[in-house]
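J.: Quick one: structure below, then a few questions.
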Amino acid sequence: MKRILTIQDVSCVGKCSLTVALPIISAAQIEACVLPTAVLSTHTRFQRYTFADLTDEIEPTMNVWKAEGITFDGVYTGYLGSFRQMELIEKLVREFKTEDNFFFVDPVLGDGGALYARFDQKFADRMAELCAYADVISPNLTEASFMLHKPFQEKGHTEAYVRTTLEELAALGPKIVLLKGIDYGDGRVGVATYDSRRNEYSAYFHERIPGAFHGTGDIFASAVVAAITRERSIADAVKIAADFTLDSIRRTVVNPNARNYGVDFESALFDFARKFL
Ligand code: PXL
């Protein structure tokens with residue numbers, strides 16, 4: 001069985017980060033190891049939240065793994081809580097990255113043109129530096145615009161804009177860029193992909209369901225990581241992950257009593273898992 005390490009927070013209530021990454025990775029029959037960056041009562045889009053920073057645990061934990069000879073088929077980072085965490089993650093990658101495994105950075109910073117609570121431009125700049133170490137990054141357009149110091153454009157993108165943005169993100173250092181939230185104004189939304197090694201561009205579009213859905217970036221990233229780990233191509237991984245995210249949103253909007261703090265990916269998990277039998 002493959003083994004991956006995911007580094008992000010535990011939001012105790014709120015369907016995001018580790019509480020979605022763990023079941024999704026497990027459903028693809030991959031061992032999921034965790035390095036929690038913080039424990040929050042609720043994610044930071046709730047009005048109130050506690051935040052217990054776990055930065056000091058990172059180095060001792062990684063030293064134990066190193067001494068025990070533990071290896072990973074992939075390392076996947078999501079929401080990070082401090083500048084020092086990024087420095088320690090760079091160290092972890094130097095220790096655990098080999099020719100045969102991958103480092104995936106979901107540069108969680110914001111959405112809808114704005115940064116999440118607790119983050120500022122400096123944090124986005126530091127995240128851009130972390131992306132240099134990655135094999136694959138998966139920003140949305142908000143995160144791309146902050147990391148690149150470009151104005152945010154929600155809709156009506158042109159092919160030229162998308163290509164330039166992909167190339168600018170690749171210039172940060174990652175081999176492959178997955179850029180979420182592309183909208184050519186035809187009612188669909190998509191993920192554009194650029195493989196800088198092969199100089200290949202592609203895109204996958206699907207129906208846009210109106211509304212903002214929390215945690216969908218984490219669902220998408222976890223599903224892509226799972227599919228890559230199970231040796232799917234990048235194009236297949238993007239399709240599997242985007243379809244699963246859309247399915248999760250669909251199953252949420254049909255429920256009139258849904259609490260708007262995360263989507264019902266649980267209802268879509270069985271169909272997702274069947275792709276990895
Ligand atoms: O879904 C991204 C995310 C992860 N973790 C925490 C968050 C958010 C988004 O707001 O607040 C703590």
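A note on labels: chains of the structure tokens are A, B, ... as shown, every chain counts residues from 1, and ligands are counted from 1 in their shown order.
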Using only C-alpha atoms and all ligand atoms, determine which residues fall within 7 Å of ligand 1, then list them as a PDB file with all heavy atoms, in the first residue's frame.
T.:
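Saved to result-v4.pdb:
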ATOM      1  N   ASP A   9      -4.094  21.719   8.820  1.00  0.00           N
ATOM      2  CA  ASP A   9      -4.697  21.849  10.151  1.00  0.00           C
ATOM      3  C   ASP A   9      -5.804  20.825  10.382  1.00  0.00           C
ATOM      4  O   ASP A   9      -6.319  20.218   9.449  1.00  0.00           O
ATOM      5  CB  ASP A   9      -5.295  23.252  10.314  1.00  0.00           C
ATOM      6  CG  ASP A   9      -6.467  23.454   9.384  1.00  0.00           C
ATOM      7  OD1 ASP A   9      -6.226  23.679   8.178  1.00  0.00           O
ATOM      8  OD2 ASP A   9      -7.635  23.319   9.821  1.00  0.00           O
ATOM      9  N   SER A  11      -9.415  21.308  11.543  1.00  0.00           N
ATOM     10  CA  SER A  11     -10.523  22.189  11.919  1.00  0.00           C
ATOM     11  C   SER A  11     -11.591  21.253  12.453  1.00  0.00           C
ATOM     12  O   SER A  11     -12.186  20.476  11.698  1.00  0.00           O
ATOM     13  CB  SER A  11     -11.029  22.971  10.711  1.00  0.00           C
ATOM     14  OG  SER A  11     -10.120  24.008  10.404  1.00  0.00           O
ATOM     15  N   CYS A  16     -13.077  20.658   6.247  1.00  0.00           N
ATOM     16  CA  CYS A  16     -11.980  21.128   5.404  1.00  0.00           C
ATOM     17  C   CYS A  16     -10.686  20.490   5.907  1.00  0.00           C
ATOM     18  O   CYS A  16     -10.712  19.729   6.880  1.00  0.00           O
ATOM     19  CB  CYS A  16     -11.870  22.658   5.427  1.00  0.00           C
ATOM     20  SG  CYS A  16     -11.344  23.341   7.000  1.00  0.00           S
ATOM     21  N   SER A  17      -9.625  20.773   5.240  1.00  0.00           N
ATOM     22  CA  SER A  17      -8.280  20.285   5.586  1.00  0.00           C
ATOM     23  C   SER A  17      -8.280  18.809   6.013  1.00  0.00           C
ATOM     24  O   SER A  17      -8.777  17.978   5.286  1.00  0.00           O
ATOM     25  CB  SER A  17      -7.585  21.220   6.573  1.00  0.00           C
ATOM     26  OG  SER A  17      -8.466  21.847   7.427  1.00  0.00           O
ATOM     27  N   LEU A  40      -8.025  23.875  15.289  1.00  0.00           N
ATOM     28  CA  LEU A  40      -8.981  24.985  15.412  1.00  0.00           C
ATOM     29  C   LEU A  40     -10.341  24.422  15.816  1.00  0.00           C
ATOM     30  O   LEU A  40     -10.711  23.318  15.399  1.00  0.00           O
ATOM     31  CB  LEU A  40      -9.161  25.713  14.078  1.00  0.00           C
ATOM     32  CG  LEU A  40      -7.986  26.494  13.499  1.00  0.00           C
ATOM     33  CD1 LEU A  40      -7.010  25.578  12.763  1.00  0.00           C
ATOM     34  CD2 LEU A  40      -8.496  27.555  12.518  1.00  0.00           C
ATOM     35  N   HIS A  43     -13.231  26.226  11.234  1.00  0.00           N
ATOM     36  CA  HIS A  43     -12.318  26.901  10.303  1.00  0.00           C
ATOM     37  C   HIS A  43     -12.491  28.422  10.397  1.00  0.00           C
ATOM     38  O   HIS A  43     -13.406  28.908  11.074  1.00  0.00           O
ATOM     39  CB  HIS A  43     -12.429  26.342   8.877  1.00  0.00           C
ATOM     40  CG  HIS A  43     -13.755  26.476   8.205  1.00  0.00           C
ATOM     41  ND1 HIS A  43     -14.387  27.679   8.026  1.00  0.00           N
ATOM     42  CD2 HIS A  43     -14.558  25.546   7.639  1.00  0.00           C
ATOM     43  CE1 HIS A  43     -15.513  27.480   7.383  1.00  0.00           C
ATOM     44  NE2 HIS A  43     -15.649  26.202   7.133  1.00  0.00           N
ATOM     45  N   THR A  44     -11.610  29.158   9.730  1.00  0.00           N
ATOM     46  CA  THR A  44     -11.543  30.604   9.990  1.00  0.00           C
ATOM     47  C   THR A  44     -12.630  31.401   9.285  1.00  0.00           C
ATOM     48  O   THR A  44     -12.643  32.627   9.354  1.00  0.00           O
ATOM     49  CB  THR A  44     -10.161  31.179   9.625  1.00  0.00           C
ATOM     50  OG1 THR A  44      -9.962  31.047   8.207  1.00  0.00           O
ATOM     51  CG2 THR A  44      -9.044  30.462  10.347  1.00  0.00           C
ATOM     52  N   ARG A  45     -13.557  30.709   8.596  1.00  0.00           N
ATOM     53  CA  ARG A  45     -14.683  31.445   8.020  1.00  0.00           C
ATOM     54  C   ARG A  45     -15.883  31.484   8.962  1.00  0.00           C
ATOM     55  O   ARG A  45     -16.880  32.113   8.656  1.00  0.00           O
ATOM     56  CB  ARG A  45     -15.067  30.838   6.700  1.00  0.00           C
ATOM     57  CG  ARG A  45     -13.984  31.087   5.686  1.00  0.00           C
ATOM     58  CD  ARG A  45     -14.463  30.532   4.437  1.00  0.00           C
ATOM     59  NE  ARG A  45     -13.636  30.914   3.343  1.00  0.00           N
ATOM     60  CZ  ARG A  45     -14.045  30.766   2.096  1.00  0.00           C
ATOM     61  NH1 ARG A  45     -15.245  30.304   1.838  1.00  0.00           N
ATOM     62  NH2 ARG A  45     -13.254  31.105   1.124  1.00  0.00           N
ATOM     63  N   TYR A  79      -3.440  23.977   4.226  1.00  0.00           N
ATOM     64  CA  TYR A  79      -3.467  25.184   5.068  1.00  0.00           C
ATOM     65  C   TYR A  79      -2.293  25.168   6.057  1.00  0.00           C
ATOM     66  O   TYR A  79      -2.131  24.238   6.834  1.00  0.00           O
ATOM     67  CB  TYR A  79      -4.778  25.220   5.841  1.00  0.00           C
ATOM     68  CG  TYR A  79      -5.006  26.458   6.680  1.00  0.00           C
ATOM     69  CD1 TYR A  79      -5.796  27.496   6.212  1.00  0.00           C
ATOM     70  CD2 TYR A  79      -4.457  26.570   7.965  1.00  0.00           C
ATOM     71  CE1 TYR A  79      -6.031  28.621   6.986  1.00  0.00           C
ATOM     72  CE2 TYR A  79      -4.679  27.701   8.739  1.00  0.00           C
ATOM     73  CZ  TYR A  79      -5.469  28.717   8.248  1.00  0.00           C
ATOM     74  OH  TYR A  79      -5.702  29.825   9.012  1.00  0.00           O
ATOM     75  N   VAL A 108      -2.955  27.206   0.113  1.00  0.00           N
ATOM     76  CA  VAL A 108      -4.216  27.717   0.673  1.00  0.00           C
ATOM     77  C   VAL A 108      -3.992  29.123   1.242  1.00  0.00           C
ATOM     78  O   VAL A 108      -3.230  29.308   2.190  1.00  0.00           O
ATOM     79  CB  VAL A 108      -4.735  26.762   1.770  1.00  0.00           C
ATOM     80  CG1 VAL A 108      -5.981  27.336   2.435  1.00  0.00           C
ATOM     81  CG2 VAL A 108      -5.018  25.385   1.199  1.00  0.00           C
ATOM     82  N   TYR A 116      -7.811  34.705   3.291  1.00  0.00           N
ATOM     83  CA  TYR A 116      -8.501  34.253   4.499  1.00  0.00           C
ATOM     84  C   TYR A 116      -7.980  35.054   5.693  1.00  0.00           C
ATOM     85  O   TYR A 116      -6.890  35.639   5.652  1.00  0.00           O
ATOM     86  CB  TYR A 116      -8.220  32.764   4.753  1.00  0.00           C
ATOM     87  CG  TYR A 116      -8.794  31.827   3.708  1.00  0.00           C
ATOM     88  CD1 TYR A 116      -8.044  30.772   3.206  1.00  0.00           C
ATOM     89  CD2 TYR A 116     -10.100  31.978   3.234  1.00  0.00           C
ATOM     90  CE1 TYR A 116      -8.558  29.902   2.258  1.00  0.00           C
ATOM     91  CE2 TYR A 116     -10.627  31.111   2.290  1.00  0.00           C
ATOM     92  CZ  TYR A 116      -9.851  30.079   1.800  1.00  0.00           C
ATOM     93  OH  TYR A 116     -10.360  29.218   0.856  1.00  0.00           O
ATOM     94  N   HIS A 214     -17.364  26.197   0.709  1.00  0.00           N
ATOM     95  CA  HIS A 214     -16.145  26.076   1.530  1.00  0.00           C
ATOM     96  C   HIS A 214     -15.582  24.662   1.474  1.00  0.00           C
ATOM     97  O   HIS A 214     -16.332  23.698   1.456  1.00  0.00           O
ATOM     98  CB  HIS A 214     -16.448  26.417   2.991  1.00  0.00           C
ATOM     99  CG  HIS A 214     -17.059  27.761   3.174  1.00  0.00           C
ATOM    100  ND1 HIS A 214     -17.720  28.123   4.317  1.00  0.00           N
ATOM    101  CD2 HIS A 214     -17.115  28.829   2.361  1.00  0.00           C
ATOM    102  CE1 HIS A 214     -18.158  29.358   4.194  1.00  0.00           C
ATOM    103  NE2 HIS A 214     -17.800  29.810   3.010  1.00  0.00           N
ATOM    104  N   GLY A 215     -14.281  24.578   1.493  1.00  0.00           N
ATOM    105  CA  GLY A 215     -13.623  23.267   1.593  1.00  0.00           C
ATOM    106  C   GLY A 215     -13.472  22.540   0.269  1.00  0.00           C
ATOM    107  O   GLY A 215     -12.859  21.466   0.222  1.00  0.00           O
ATOM    108  N   THR A 216     -14.003  23.111  -0.810  1.00  0.00           N
ATOM    109  CA  THR A 216     -13.935  22.376  -2.086  1.00  0.00           C
ATOM    110  C   THR A 216     -12.503  22.328  -2.636  1.00  0.00           C
ATOM    111  O   THR A 216     -12.144  21.377  -3.322  1.00  0.00           O
ATOM    112  CB  THR A 216     -14.892  22.976  -3.133  1.00  0.00           C
ATOM    113  OG1 THR A 216     -14.691  24.389  -3.175  1.00  0.00           O
ATOM    114  CG2 THR A 216     -16.340  22.687  -2.811  1.00  0.00           C
ATOM    115  N   GLY A 217     -11.701  23.335  -2.318  1.00  0.00           N
ATOM    116  CA  GLY A 217     -10.298  23.311  -2.744  1.00  0.00           C
ATOM    117  C   GLY A 217      -9.563  22.152  -2.093  1.00  0.00           C
ATOM    118  O   GLY A 217      -8.724  21.495  -2.721  1.00  0.00           O
ATOM    119  N   ASP A 218      -9.897  21.896  -0.827  1.00  0.00           N
ATOM    120  CA  ASP A 218      -9.245  20.801  -0.091  1.00  0.00           C
ATOM    121  C   ASP A 218      -9.704  19.443  -0.629  1.00  0.00           C
ATOM    122  O   ASP A 218      -8.917  18.497  -0.707  1.00  0.00           O
ATOM    123  CB  ASP A 218      -9.570  20.897   1.405  1.00  0.00           C
ATOM    124  CG  ASP A 218      -9.102  22.214   2.010  1.00  0.00           C
ATOM    125  OD1 ASP A 218      -8.266  22.892   1.391  1.00  0.00           O
ATOM    126  OD2 ASP A 218      -9.585  22.569   3.093  1.00  0.00           O
TER     127      ASP A 218
END
J.: Looking only at the backbone, which of the residues in stretch 91-205 of chain A does DSSP tag as helix (DSSP H, G or I), as a PyMOL selection string?
T.: chain A and resi 91-96+121-131+141-148+159-170
J.: Taking only C-alpha atoms into account, which of A:Val20, A:Met62, A:Ala203, A:Val136 comes nearest A:Val162?
T.: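 Under the stated criterion, the closest residue is A:Ala203.
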J.: Distance atom CA of A:Phe220-atom CA of A:Lys66, one decimal place?
T.: 29.6 Å
J.: For A:Pro107, work out the shell of residues within 12 Å, counting only C-alpha atoms and skipping chain neighbours fewer than 5 positions away, then give it as an NGL selection string.
T.: :A and (7-8 or 76-81 or 86 or 115-116 or 119 or 123-132 or 134 or 136-147 or 169 or 174 or 177-180 or 217-218 or 221)
J.: Filtering to C-alpha atoms, could you give me those residues as a CSV table (one decimal), in the first residue's frame?
T.:
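This is the output file part.csv:
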chain,number,residue,atom,x,y,z
A,7,ILE,CA,0.4,18.5,6.4
A,8,GLN,CA,-2.5,20.8,7.2
A,76,TYR,CA,1.0,17.1,0.4
A,77,THR,CA,0.7,20.4,2.2
A,78,GLY,CA,-2.5,22.4,2.6
A,79,TYR,CA,-3.5,25.2,5.1
A,80,LEU,CA,-0.4,26.3,6.9
A,81,GLY,CA,-0.4,28.4,10.1
A,86,MET,CA,7.0,26.8,5.8
A,115,LEU,CA,-7.2,36.4,1.6
A,116,TYR,CA,-8.5,34.3,4.5
A,119,PHE,CA,-3.1,35.9,6.1
A,123,PHE,CA,2.3,35.2,3.9
A,124,ALA,CA,1.3,34.8,0.2
A,125,ASP,CA,4.8,35.8,-0.8
A,126,ARG,CA,6.3,33.2,1.5
A,127,MET,CA,3.9,30.6,0.1
A,128,ALA,CA,5.1,31.4,-3.4
A,129,GLU,CA,8.6,30.6,-2.2
A,130,LEU,CA,7.4,27.2,-0.8
A,131,CYS,CA,5.9,26.5,-4.3
A,132,ALA,CA,9.5,26.4,-5.7
A,134,ALA,CA,6.9,21.5,-5.4
A,136,VAL,CA,2.7,20.1,-8.4
A,137,ILE,CA,0.8,23.1,-7.1
A,138,SER,CA,-3.0,23.7,-7.2
A,139,PRO,CA,-3.8,27.4,-6.6
A,140,ASN,CA,-7.2,29.0,-7.3
A,141,LEU,CA,-7.2,32.3,-9.1
A,142,THR,CA,-7.3,34.3,-5.9
A,143,GLU,CA,-4.2,32.5,-4.6
A,144,ALA,CA,-2.5,32.9,-8.0
A,145,SER,CA,-3.2,36.6,-8.0
A,146,PHE,CA,-1.7,37.2,-4.5
A,147,MET,CA,1.3,35.0,-5.2
A,169,LEU,CA,3.1,30.2,-11.7
A,174,PRO,CA,6.9,23.8,-9.6
A,177,VAL,CA,0.6,23.9,-12.2
A,178,LEU,CA,-3.2,23.1,-11.8
A,179,LEU,CA,-5.0,26.5,-11.9
A,180,LYS,CA,-8.6,26.3,-10.6
A,217,GLY,CA,-10.3,23.3,-2.7
A,218,ASP,CA,-9.2,20.8,-0.1
A,221,ALA,CA,-6.4,18.7,-3.9
J.: Taking 6 positions as the minimum chain separation for residues in the same chain, which residues sit within 8 Å of A:Ala170 when counting only C-alpha atoms? Answer as an NGL selection string.
T.: :A and (176-177 or 194 or 196)
J.: Using backbone DSSP assignments, extract all strand (DSSP E or B) residues from stretch 127-239 of chain A; output them as a list in words.
T.: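 Assigned to strand (DSSP E or B), within stretch 127-239 of chain A: Val136, Ile137, Asn140, Ile176, Val177, Leu178, Leu179, Lys180, Gly181, Ile182, Arg188, Val189, Gly190, Val191, Ala192, Thr193, Tyr194, Asp195, Glu200, Tyr201, Ser202, Ala203, Tyr204, Phe205, His206 and Glu207 of chain A.
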J.: Find, counting only C-alpha atoms, the residue in A:Ala235, A:Val75, A:Val13, A:Ala273 that gets nearest to A:Glu95.
T.: A:Val75
J.: Compile the contact shell of stretch 222-225 of chain A as a PyMOL selection string: residues with an atom at most 8 Å away, counting only C-alpha atoms, same-chain residues fewer than 5 positions apart removed.
T.: chain A and resi 20-21+24-25+76+104+237-238+240-241+244
